[in-house]
Each structure stands twice: as C-alpha cells, then as structure tokens.
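Text of the file query-v3.tsv, holding TSV, C-alpha atoms:
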```tsv
chain	number	residue	atom	x	y	z
A	1	MET	CA	19.82	-10.95	33.10
A	2	ILE	CA	17.00	-12.84	34.77
A	3	ASP	CA	13.57	-11.20	34.79
A	4	ARG	CA	14.27	-9.81	38.21
A	5	ASP	CA	11.46	-7.27	38.30
A	6	GLU	CA	8.95	-10.11	38.12
A	7	PHE	CA	10.21	-11.71	41.30
A	8	GLU	CA	11.36	-8.88	43.50
A	9	THR	CA	9.28	-8.70	46.61
A	10	SER	CA	10.59	-5.69	48.49
A	11	ALA	CA	8.02	-3.29	49.86
A	12	GLU	CA	9.05	-0.73	47.25
A	13	ASP	CA	8.58	-3.21	44.42
A	14	LEU	CA	5.18	-4.24	45.67
A	15	ALA	CA	4.17	-0.59	45.96
A	16	LEU	CA	5.41	0.09	42.43
A	17	ASN	CA	3.53	-2.92	41.10
A	18	ARG	CA	0.36	-1.62	42.76
A	19	HIS	CA	0.90	1.76	41.10
A	20	LEU	CA	1.55	0.16	37.73
A	21	LEU	CA	-1.65	-1.85	38.01
A	22	THR	CA	-3.62	1.39	38.16
A	23	LEU	CA	-2.44	2.36	34.68
A	24	LYS	CA	-5.40	2.08	32.33
A	25	ARG	CA	-5.72	2.51	28.62
A	26	PHE	CA	-6.96	5.83	27.31
A	27	THR	CA	-9.59	6.30	24.65
A	28	PRO	CA	-9.13	8.69	21.72
A	29	SER	CA	-11.85	11.25	21.02
A	30	PRO	CA	-15.05	10.07	19.28
A	31	GLY	CA	-14.80	9.57	15.52
A	32	PHE	CA	-11.15	8.50	15.62
A	33	GLU	CA	-11.89	5.33	13.67
A	34	ASN	CA	-13.66	7.23	10.88
A	35	ARG	CA	-10.92	9.84	10.70
A	36	VAL	CA	-8.35	7.10	10.22
A	37	LEU	CA	-10.37	5.20	7.64
A	38	ALA	CA	-11.04	8.37	5.66
A	39	ARG	CA	-7.31	8.48	4.93
A	40	VAL	CA	-6.73	4.82	4.21
A	41	ARG	CA	-6.54	3.42	0.69
A	42	ARG	CA	-7.94	-0.05	0.53
A	43	GLN	CA	-5.57	-2.74	-0.66
A	44	ALA	CA	-6.00	-3.99	-4.21
A	45	PRO	CA	-7.10	-7.62	-4.08
A	46	VAL	CA	-4.19	-9.85	-4.93
A	47	LEU	CA	-6.16	-12.52	-6.79
A	48	VAL	CA	-7.49	-10.23	-9.50
A	49	PRO	CA	-5.00	-9.42	-12.25
A	50	ARG	CA	-4.94	-5.80	-13.25
A	51	PRO	CA	-5.80	-5.13	-16.87
A	52	VAL	CA	-2.70	-4.04	-18.78
A	53	PRO	CA	-3.34	-1.06	-21.06
A	54	ALA	CA	-2.94	-1.92	-24.75
A	55	ALA	CA	-0.55	0.98	-25.14
A	56	LYS	CA	1.89	-0.73	-22.76
A	57	VAL	CA	1.84	-3.96	-24.78
A	58	LEU	CA	1.95	-2.41	-28.25
A	59	THR	CA	5.24	-0.54	-28.04
A	60	ALA	CA	6.83	0.65	-31.28
A	61	ARG	CA	9.67	-1.80	-30.84
A	62	ARG	CA	7.38	-4.81	-30.45
A	63	VAL	CA	5.25	-3.79	-33.46
A	64	TRP	CA	8.31	-3.49	-35.66
A	65	TRP	CA	9.69	-6.79	-34.42
A	66	ALA	CA	6.37	-8.50	-35.15
A	67	SER	CA	6.12	-7.01	-38.62
A	68	GLY	CA	9.76	-7.88	-39.32
A	69	LEU	CA	9.22	-11.49	-38.22
A	70	ALA	CA	6.03	-11.73	-40.27
A	71	ALA	CA	7.83	-10.41	-43.35
A	72	ALA	CA	10.76	-12.77	-42.80
A	73	SER	CA	8.53	-15.80	-42.32
A	74	SER	CA	6.38	-14.99	-45.35
A	75	THR	CA	9.49	-14.64	-47.49
A	76	ALA	CA	11.09	-17.76	-46.06
A	77	TRP	CA	8.35	-20.13	-47.14
A	78	ILE	CA	8.36	-18.67	-50.68
A	79	VAL	CA	12.12	-19.17	-50.89
A	80	ALA	CA	11.75	-22.69	-49.52
A	81	LEU	CA	8.97	-23.50	-52.01
A	82	ALA	CA	10.95	-22.06	-54.92
A	83	SER	CA	14.04	-24.06	-54.03
A	84	TRP	CA	11.94	-27.21	-53.67
A	85	LEU	CA	10.26	-26.63	-57.05
A	86	SER	CA	13.56	-25.98	-58.80
A	87	ALA	CA	14.98	-29.13	-57.30
A	88	THR	CA	12.06	-31.34	-58.38
A	89	GLY	CA	11.41	-29.89	-61.85
A	90	TRP	CA	9.38	-26.80	-61.32
A	91	GLU	CA	7.72	-26.76	-64.75
A	92	THR	CA	5.95	-30.07	-64.15
A	93	MET	CA	5.05	-29.11	-60.63
A	94	ALA	CA	3.76	-25.68	-61.67
A	95	LEU	CA	1.48	-27.19	-64.33
A	96	ARG	CA	0.15	-29.76	-61.89
A	97	PHE	CA	-0.36	-27.07	-59.24
A	98	THR	CA	-2.18	-24.78	-61.68
A	99	GLY	CA	-4.51	-27.55	-62.80
A	100	SER	CA	-5.31	-28.98	-59.40
A	101	VAL	CA	-5.28	-25.88	-57.15
A	102	LEU	CA	-5.23	-22.53	-58.90
A	103	LEU	CA	-7.98	-23.09	-61.46
A	104	PRO	CA	-10.50	-24.58	-58.98
A	105	ALA	CA	-9.63	-21.82	-56.50
A	106	TRP	CA	-10.21	-19.20	-59.14
A	107	GLY	CA	-13.60	-20.79	-59.90
A	108	VAL	CA	-14.58	-20.72	-56.24
A	109	ALA	CA	-13.49	-17.07	-55.96
A	110	LEU	CA	-15.60	-16.11	-58.98
A	111	GLN	CA	-18.60	-17.93	-57.52
A	112	GLY	CA	-18.08	-16.12	-54.19
A	113	VAL	CA	-17.95	-12.73	-55.87
A	114	ALA	CA	-21.11	-13.55	-57.82
A	115	LEU	CA	-22.90	-14.62	-54.66
A	116	ALA	CA	-21.74	-11.53	-52.80
A	117	ALA	CA	-22.88	-9.26	-55.62
A	118	LYS	CA	-26.23	-11.02	-55.61
A	119	ALA	CA	-26.52	-10.57	-51.83
A	120	ALA	CA	-25.63	-6.89	-52.16
A	121	ALA	CA	-28.25	-6.43	-54.84
A	122	THR	CA	-30.86	-8.22	-52.71
A	123	ALA	CA	-29.96	-6.13	-49.68
A	124	TYR	CA	-30.20	-2.97	-51.71
A	125	ALA	CA	-33.56	-4.04	-53.10
A	126	LEU	CA	-35.10	-5.24	-49.84
A	127	GLY	CA	-33.43	-2.79	-47.50
A	128	ASN	CA	-32.44	-5.63	-45.18
A	129	ALA	CA	-29.91	-4.28	-42.72
A	130	TRP	CA	-28.22	-7.63	-42.04
A	131	GLN	CA	-27.66	-8.41	-45.68
A	132	GLY	CA	-26.42	-4.89	-46.12
A	133	ALA	CA	-23.88	-5.44	-43.38
A	134	ALA	CA	-22.75	-8.68	-44.99
A	135	ALA	CA	-22.30	-6.88	-48.27
A	136	ALA	CA	-20.39	-4.11	-46.53
A	137	ALA	CA	-18.03	-6.76	-45.15
A	138	LEU	CA	-16.86	-7.33	-48.71
A	139	ILE	CA	-14.95	-4.09	-48.37
A	140	VAL	CA	-12.50	-5.87	-46.03
A	141	PRO	CA	-10.45	-7.57	-48.81
A	142	VAL	CA	-10.33	-4.26	-50.68
A	143	LEU	CA	-9.04	-2.49	-47.58
A	144	SER	CA	-6.44	-5.20	-46.91
A	145	THR	CA	-5.17	-4.96	-50.47
A	146	TRP	CA	-4.90	-1.20	-50.10
A	147	GLY	CA	-3.05	-1.67	-46.77
A	148	LEU	CA	-0.57	-4.06	-48.36
A	149	TYR	CA	0.03	-1.62	-51.22
A	150	PHE	CA	0.46	1.28	-48.75
A	151	THR	CA	2.97	-0.70	-46.67
A	152	LEU	CA	5.02	-1.74	-49.70
A	153	LYS	CA	5.02	1.81	-51.03
A	154	GLN	CA	6.68	3.19	-47.87
A	155	PRO	CA	10.28	4.22	-48.53
A	156	SER	CA	12.59	1.67	-46.97
A	157	GLY	CA	14.54	4.42	-45.18
A	158	ARG	CA	11.61	5.07	-42.86
A	159	ARG	CA	11.51	1.48	-41.67
A	160	ILE	CA	15.24	1.40	-41.12
A	161	ALA	CA	14.94	4.57	-39.08
A	162	ALA	CA	12.27	2.96	-36.95
A	163	TYR	CA	14.46	-0.04	-36.24
A	164	ALA	CA	17.42	2.20	-35.54
A	165	ALA	CA	15.34	4.13	-33.00
A	166	ARG	CA	14.96	1.08	-30.74
B	1	MET	CA	-8.42	6.36	-3.49
B	2	PRO	CA	-10.01	7.46	-0.22
B	3	TRP	CA	-11.97	5.09	1.95
B	4	GLY	CA	-15.34	4.01	0.62
B	5	GLY	CA	-14.38	3.68	-3.03
B	6	VAL	CA	-15.56	0.69	-5.01
B	7	ARG	CA	-12.15	-0.04	-6.41
B	8	GLY	CA	-8.87	-0.11	-4.57
B	9	GLY	CA	-5.21	0.27	-5.46
B	10	GLY	CA	-5.50	1.41	-9.04
B	11	ASP	CA	-7.86	-0.36	-11.39
B	12	ALA	CA	-8.20	-3.63	-9.57
B	13	VAL	CA	-11.76	-4.60	-8.86
B	14	VAL	CA	-12.68	-5.76	-5.38
B	15	PRO	CA	-13.54	-9.44	-5.70
B	16	SER	CA	-16.91	-10.72	-4.63
B	17	MET	CA	-15.67	-13.30	-2.15
B	18	SER	CA	-17.57	-14.33	0.90
B	19	HIS	CA	-16.42	-12.61	4.08
B	20	PRO	CA	-17.50	-13.40	7.61
B	21	SER	CA	-19.73	-10.72	9.06
B	22	ASP	CA	-18.43	-11.03	12.65
B	23	LEU	CA	-14.73	-10.29	12.56
B	24	SER	CA	-14.28	-9.92	16.31
B	25	THR	CA	-13.82	-13.67	16.72
B	26	LEU	CA	-11.03	-13.91	14.15
B	27	THR	CA	-7.31	-13.76	14.91
B	28	ASP	CA	-5.27	-10.73	13.90
B	29	GLN	CA	-3.67	-12.72	11.09
B	30	ASP	CA	-7.06	-13.66	9.64
B	31	VAL	CA	-8.30	-10.08	9.82
B	32	VAL	CA	-5.12	-8.86	8.13
B	33	ARG	CA	-5.61	-11.44	5.38
B	34	LEU	CA	-9.12	-10.13	4.78
B	35	ALA	CA	-7.79	-6.57	4.73
B	36	CYS	CA	-5.27	-7.64	2.09
B	37	ASP	CA	-8.23	-8.89	0.04
B	38	GLY	CA	-9.73	-5.40	0.22
B	39	HIS	CA	-12.38	-6.17	2.85
B	40	GLU	CA	-13.50	-2.84	4.30
B	41	GLY	CA	-14.73	-4.32	7.58
B	42	ALA	CA	-11.32	-5.84	8.24
B	43	TYR	CA	-9.66	-2.41	8.24
B	44	ARG	CA	-12.28	-1.13	10.63
B	45	GLU	CA	-11.80	-4.14	12.90
B	46	LEU	CA	-8.03	-3.56	13.08
B	47	VAL	CA	-8.53	0.08	14.06
B	48	ARG	CA	-11.14	-0.94	16.63
B	49	ARG	CA	-8.79	-3.51	18.19
B	50	TYR	CA	-5.74	-1.29	18.43
B	51	GLU	CA	-6.98	2.29	18.75
B	52	ARG	CA	-6.86	2.29	22.57
B	53	PRO	CA	-3.51	0.49	23.00
B	54	ILE	CA	-1.82	2.61	20.35
B	55	PHE	CA	-3.33	5.87	21.52
B	56	SER	CA	-2.44	5.10	25.15
B	57	LEU	CA	1.17	4.32	24.32
B	58	VAL	CA	1.62	7.44	22.20
B	59	TYR	CA	-0.26	9.66	24.65
B	60	ARG	CA	1.93	8.57	27.55
B	61	MET	CA	5.00	9.09	25.40
B	62	VAL	CA	4.24	12.63	24.19
B	63	ARG	CA	1.89	13.68	27.03
B	64	ASP	CA	-0.29	15.81	24.77
B	65	ARG	CA	-3.73	14.51	23.89
B	66	GLU	CA	-4.20	16.31	20.58
B	67	LEU	CA	-0.73	15.47	19.35
B	68	ALA	CA	-1.13	11.87	20.49
B	69	GLU	CA	-4.30	11.58	18.40
B	70	ASP	CA	-2.47	12.92	15.36
B	71	LEU	CA	0.43	10.53	15.84
B	72	ALA	CA	-1.87	7.57	16.50
B	73	GLN	CA	-3.82	8.46	13.38
B	74	GLU	CA	-0.58	8.64	11.37
B	75	THR	CA	0.40	5.25	12.76
B	76	PHE	CA	-2.81	3.60	11.56
B	77	VAL	CA	-2.77	5.31	8.18
B	78	LYS	CA	0.84	4.23	7.63
B	79	ALA	CA	0.20	0.66	8.78
B	80	LEU	CA	-3.06	0.14	6.91
B	81	ASN	CA	-1.80	1.68	3.68
B	82	ALA	CA	1.20	-0.64	3.83
B	83	ILE	CA	-0.75	-3.70	4.95
B	84	GLY	CA	0.44	-5.52	1.83
B	85	SER	CA	4.03	-5.34	3.06
B	86	TYR	CA	3.17	-6.78	6.49
B	87	ARG	CA	4.99	-10.08	7.08
B	88	PRO	CA	2.65	-12.59	8.70
B	89	GLU	CA	5.45	-14.42	10.52
B	90	PHE	CA	5.49	-11.49	12.99
B	91	LYS	CA	2.63	-10.51	15.27
B	92	PHE	CA	0.49	-7.71	13.88
B	93	SER	CA	0.49	-6.08	17.31
B	94	SER	CA	4.31	-5.94	17.32
B	95	TRP	CA	4.32	-4.37	13.88
B	96	ILE	CA	1.82	-1.64	14.70
B	97	PHE	CA	3.38	-0.92	18.12
B	98	LYS	CA	6.74	-0.54	16.38
B	99	ILE	CA	5.29	2.03	13.96
B	100	ALA	CA	3.62	3.90	16.82
B	101	ASN	CA	6.70	3.90	19.01
B	102	ASN	CA	8.89	5.12	16.15
B	103	ALA	CA	6.42	7.94	15.44
B	104	ALA	CA	6.44	9.01	19.09
B	105	ILE	CA	10.23	8.79	19.46
B	106	ASP	CA	10.78	10.72	16.21
B	107	HIS	CA	8.45	13.42	17.44
B	108	LEU	CA	10.20	13.65	20.82
B	109	ARG	CA	13.59	13.96	19.09
B	110	LYS	CA	12.32	16.73	16.83
B	111	ARG	CA	10.72	18.51	19.76
B	112	GLU	CA	13.99	18.36	21.62
B	113	LEU	CA	15.72	20.09	18.71
B	114	ASN	CA	13.04	22.74	18.39
B	115	THR	CA	12.79	23.55	22.09
B	116	LEU	CA	12.35	27.29	22.67
B	117	SER	CA	14.10	29.07	25.45
B	118	LEU	CA	11.80	30.87	27.85
B	119	GLU	CA	14.47	33.53	28.21
B	120	GLY	CA	14.66	34.27	24.49
B	121	SER	CA	16.80	33.10	21.60
B	122	ARG	CA	20.46	32.38	22.27
B	123	ASP	CA	21.24	33.93	18.90
B	124	ALA	CA	19.72	37.28	19.86
B	125	THR	CA	22.29	40.07	19.54
B	126	SER	CA	20.62	42.82	21.54
B	127	PRO	CA	18.50	43.04	24.72
B	128	GLU	CA	15.50	44.10	22.57
B	129	ARG	CA	15.92	41.06	20.39
B	130	VAL	CA	16.17	38.84	23.48
B	131	GLU	CA	12.90	40.28	24.73
B	132	ALA	CA	11.25	39.88	21.32
B	133	THR	CA	12.19	36.21	21.03
B	134	ALA	CA	11.28	35.32	24.61
B	135	LEU	CA	8.26	33.08	25.01
B	136	GLN	CA	5.31	34.95	26.48
B	137	ILE	CA	3.29	32.95	28.92
B	138	GLY	CA	-0.09	34.37	29.73
B	139	ASP	CA	-2.02	33.84	32.91
B	140	ARG	CA	-5.03	32.34	31.13
B	141	GLY	CA	-6.74	29.41	32.80
B	142	GLU	CA	-6.42	25.86	31.51
B	143	SER	CA	-8.47	24.77	28.50
B	144	PRO	CA	-10.84	21.80	28.93
B	145	LEU	CA	-8.33	19.69	27.01
B	146	GLN	CA	-5.51	20.67	29.36
B	147	GLU	CA	-7.72	19.95	32.32
B	148	MET	CA	-8.42	16.53	30.91
B	149	GLU	CA	-4.71	15.91	30.38
B	150	ALA	CA	-3.97	17.00	33.94
B	151	ARG	CA	-6.61	14.62	35.21
B	152	GLU	CA	-5.44	11.71	33.08
B	153	LEU	CA	-1.71	12.15	33.53
B	154	GLY	CA	-1.71	13.76	36.95
B	155	SER	CA	-1.39	10.71	39.17
B	156	ALA	CA	1.93	10.02	40.90
B	157	ILE	CA	2.77	7.03	38.72
B	158	GLU	CA	1.89	8.90	35.50
B	159	GLN	CA	4.09	11.80	36.60
B	160	ALA	CA	6.91	9.43	37.43
B	161	ILE	CA	6.63	7.67	34.05
B	162	GLY	CA	6.69	11.08	32.37
B	163	GLN	CA	10.10	11.73	33.89
B	164	LEU	CA	11.68	8.58	32.42
B	165	ARG	CA	13.84	8.60	29.30
B	166	PRO	CA	11.70	7.83	26.23
B	167	GLU	CA	13.37	4.42	25.73
B	168	TYR	CA	12.68	3.41	29.35
B	169	ARG	CA	9.16	4.78	29.07
B	170	SER	CA	8.39	2.63	26.00
B	171	CYS	CA	9.71	-0.46	27.75
B	172	ILE	CA	7.75	0.10	30.97
B	173	LEU	CA	4.52	0.90	29.12
B	174	LEU	CA	4.75	-2.09	26.80
B	175	ARG	CA	5.55	-4.36	29.74
B	176	HIS	CA	3.14	-3.13	32.38
B	177	VAL	CA	0.26	-1.58	30.45
B	178	GLU	CA	0.24	-3.70	27.30
B	179	ASP	CA	1.48	-6.84	29.05
B	180	ARG	CA	3.95	-7.68	26.28
B	181	SER	CA	6.70	-10.27	26.74
B	182	TYR	CA	10.35	-9.24	26.87
B	183	GLU	CA	10.92	-10.91	23.49
B	184	GLU	CA	8.10	-8.97	21.92
B	185	ILE	CA	9.31	-5.70	23.40
B	186	ALA	CA	12.78	-6.43	22.00
B	187	GLN	CA	11.22	-7.00	18.59
B	188	ILE	CA	9.09	-3.83	18.79
B	189	LEU	CA	11.95	-1.61	19.88
B	190	ASP	CA	14.61	-3.31	17.76
B	191	LEU	CA	16.75	-3.88	20.83
B	192	PRO	CA	18.62	-6.93	22.14
B	193	LEU	CA	16.70	-8.89	24.76
B	194	GLY	CA	19.32	-8.10	27.41
B	195	THR	CA	19.01	-4.37	26.76
B	196	VAL	CA	15.24	-4.54	27.20
B	197	LYS	CA	15.64	-6.27	30.56
B	198	THR	CA	18.22	-3.73	31.64
B	199	TYR	CA	15.99	-0.82	30.57
B	200	ILE	CA	13.02	-2.21	32.46
B	201	HIS	CA	15.11	-2.82	35.55
B	202	ARG	CA	16.55	0.71	35.46
B	203	ALA	CA	13.15	2.21	34.73
B	204	ARG	CA	11.68	0.44	37.73
B	205	THR	CA	14.55	1.65	39.92
B	206	GLU	CA	13.94	5.23	38.78
B	207	LEU	CA	10.19	4.90	39.28
B	208	LYS	CA	10.70	3.57	42.81
B	209	ALA	CA	13.00	6.48	43.60
B	210	VAL	CA	10.55	9.08	42.26
B	211	LEU	CA	7.57	7.50	43.99
B	212	GLY	CA	9.64	7.26	47.20
B	213	ASP	CA	10.47	10.97	46.97
B	214	LEU	CA	6.80	11.78	46.46
B	215	ARG	CA	5.86	9.84	49.58
B	216	GLU	CA	8.44	11.67	51.68
```
Show me this structure written as structure tokens.
Amino acid sequence: MIDRDEFETSAEDLALNRHLLTLKRFTPSPGFENRVLARVRRQAPVLVPRPVPAAKVLTARRVWWASGLAAASSTAWIVALASWLSATGWETMALRFTGSVLLPAWGVALQGVALAAKAAATAYALGNAWQGAAAAALIVPVLSTWGLYFTLKQPSGRRIAAYAAR
Amino acid sequence: MPWGGVRGGGDAVVPSMSHPSDLSTLTDQDVVRLACDGHEGAYRELVRRYERPIFSLVYRMVRDRELAEDLAQETFVKALNAIGSYRPEFKFSSWIFKIANNAAIDHLRKRELNTLSLEGSRDATSPERVEATALQIGDRGESPLQEMEARELGSAIEQAIGQLRPEYRSCILLRHVEDRSYEEIAQILDLPLGTVKTYIHRARTELKAVLGDLRE
C-alpha cells in the first residue's frame, strides 16, 4: 500500500492533519529522572576483567589432578634415570655422580646450615628483627619435610576415594 | 547495586576513562556506549532524552497519568538495566519505544481481563451478593490529578485517539507525534510494513469519522 495518508488532500484529511499537529508531548512529574536512576544498576565495564575467586579455581578435582600429575612426573624421571643408569653401567655412573655432585652439594649444605646458625645466633644476640626473620625462614625446609611425611603417611584409600568422588 | 554506587555489576571496578562532560551533542549510539562503560552521566542523558516521548506514548495509551508514570519508569529501568543486551545495529529509540509499547499493551490486556462490572459480579448467586460486589461510585469531585488528565486528554483529537484500538493508537502516535517512519514503526511494533500502513490508514479513517461526528 502506498503511503496514502501522506498525500490525501480532502478537507477531512486536512482537518485531521491540523488536529494531529496540535498533539504535544507531555512531561512526567518532577523528579522522574531521579526516580528512574534510583532503580537502575550501572553496567559493569566490559574492559575490566572480574577477579575470579580462588575457591572457584581451586576445586577438589583440579587439586587432585595437579597432585596426581606432580606425583606421576616426579616418579617418571626417577624411572627414566634408573633405566638410563642400568643401561650404561650404573655402578660407574653412581660413583662419578657421588664424587662430582653429591659430595660438593653436601659440603655446600653444611656451610649453609653453619651460616644460618651463625645468623640466628647473631640475631638472637643483637635483637635484630630482620636477621631474626631470616633465621625464622629456616623453618620452611623443616615444614616442607613434615608436609611430605604427612602426605606419604595418608592411607592410600583416602586418595582413591577423593578421585572416585570426581 | 542501586544508582550511585562506586562499583557496578558485581565486583567490577568502574574504569577511570575519560568521558566527555557534554553528552547532549553525542548520538544515541555514543551515549549508549558510554553507558555500557558504566558512565553515570550517560544513563541520565538517555532518560533526559526519552522521558517525554516515552511518557507521552504510554500516557496516551493508558490515559492515566499516575499509571503512565509507573509504566514509563518500568520501561526505563528495564531498558537501562539491560543496556548490555542492546544491539547497536538497531536505533536506540526503536528499542526503548518497543519496550514502552509492550508495557502499555500488556497493561491494557490485563486491565481488560480484570474489568469490574458496575452492576456487580456475574458470579454472584444472590441479589445481596450482586449488591455487595457492585462498584460504588461516589459523587466526590475530581482530584487535581484527574482535573489535569481531563485538561490534557480532553481535546477532541485526544478523545478520538482514546477511542481507537490500542494497535491503531500506537501506530498513529508513533507516526504523528513521534514522527517515526513506517519502517521504524514496523520494527517497534513487530509488524509487517503493510500492516502498519493499513493500521494507520484505518486509524485515520476512524479519527476522521469521530471528529466529523463531533463537529455535527
């Protein structure tokens, strides 16, 4: 249909158009804008990523997968090393490894412990807070060793149950 | 979070981006983009631009000032809270008119269902019950609000528009008050273009008849 109403020129149409031209917009009562805005939630900006709560990332399933992968990888390299040593004459290799790596490492560890003990003694004597903190940091290896022991001591049934619960 | 909060939409922080202070010169699309970025002034600007057109359309549809304010308010709240889902390929005005028109039409449909009989409920089983359920109309004078409504909607053309079917009324108002194109009206009302033209033609015919009767 053509836009007839635009072009009709009868007296009635002209009269109607005159009437329609008198239609004006109305204004809502004062304060309308504020009443609307009081109920509007502002949009979250799209460019800023929302922080994801740690609890959402660290689900039980993911933690067990990570620990399982870590255990598997740590075992895998030992198996690989053992097979390599047995293939190339492990006795010779072990002696060479002990002489060139283990003994010097042991010496360095002993020196570190001596230095740490000395620092702890100095901190205790001088009351220096920073040196005290450094000495306190020595507790970390002790705690890790205890953590490893605690993990290994867990009955295997509990871990299996955790996997089964996925 | 209600208006005026520092953060919006959960934990997201409002970015410190530079926003123009005078929004009145921007297009609707630009203002909407700023609103999507969480710019408070942009929301205000959108309400300022459309409060009169939206209120006028709804008021002429429902012919009750207080109710029209409520429905117009609902329209803005719905639109601005869902501004993220607005698709920029359409005109913002079409989108908000569509929400307003739907709100008005929904209300008119509900009102039609809930209409009370002046003579009492049809389900009344006894003459006493009929009397009890009949609507009592007092002889109190008009309130200032009613007087205002009578003044605003009392002209011959307003009365004639009030007698049109809601669909015709929407078409005529969008065409002759809001000056919208046929295509835009079709988009707003979700109707085929041909139907919009037919509705406007019929509405004009009815208006001419009513105005003719009033003259005679």
Polymer residues at most 12 Å from Glu12 of chain A, all atoms listed in the file, same-chain spacing of 2 or more positions, as a VMD selection string: (chain A and resid 5 8 to 10 14 to 19) or (chain B and resid 204 to 213 215)
Would you work out the distance separating atom CA of Val62 of chain B from atom CA of Arg41 of chain A, expressed in Å to one decimal? 27.4 Å
Between atom CA of Leu145 of chain B and atom CA of Tyr43 of chain B, what distance in Å does the model show, to one decimal? 29.0 Å
Give me, as a ChimeraX atom specification, all polymer residues having an atom no more than 12 Å from segment 20-23 of chain A, counting all atoms listed in the file and skipping those fewer than 2 positions away in the same chain. /A:13-18,25-26 /B:53,56-57,60,152-161,172-179,204,207-208,211
Measure the distance from atom CA of Ala72 of chain A to atom CA of Ser144 of chain A in Å and round it to one decimal.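 Atom CA of Ser144 of chain A lies 19.2 Å from atom CA of Ala72 of chain A.
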For chain A, which of B:Val77, B:Leu191, B:Val31, B:Cys171 is the closest residue, counting only C-alpha atoms?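 Closest to chain A, using only C-alpha atoms: B:Val77.
With only C-alpha atoms as the atoms that count, the minimum distance from Arg151 of chain B to the choices B:Arg65, B:Arg52, B:Arg169, B:Gly41 is reached by B:Arg65.
Proximity of B:Trp95, B:Tyr182, B:Tyr168, B:Phe90 to chain A, computed with all atoms listed in the file, is greatest for B:Tyr182.
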Extract, using only C-alpha atoms, all DNA, RNA and protein residues at most 8 Å from Pro28 of chain A, discarding same-chain residues fewer than 6 positions from it, and format them as a VMD selection string. chain B and resid 51 to 52 55 69
Kindly indicate which residue among A:Trp146, A:Trp65, A:Phe32, A:Trp84 lies nearest to chain B, using all atoms listed in the file for the distances.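 Nearest candidate to chain B out of A:Trp146, A:Trp65, A:Phe32, A:Trp84: A:Phe32.
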Check the smallest atom-to-atom distance from each of B:Asp28, B:Met61, B:Ala72, B:Gln163 to chain A using only C-alpha atoms, then report the winner.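 Distance minimum relative to chain A lands on B:Ala72.
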Can you work out which one of B:Asp30, B:Glu167, B:Asp22, B:Glu74 has the shortest atom-to-atom distance to chain A, counting all atoms listed in the file?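 Using all atoms listed in the file, chain A sits closest to B:Glu74.
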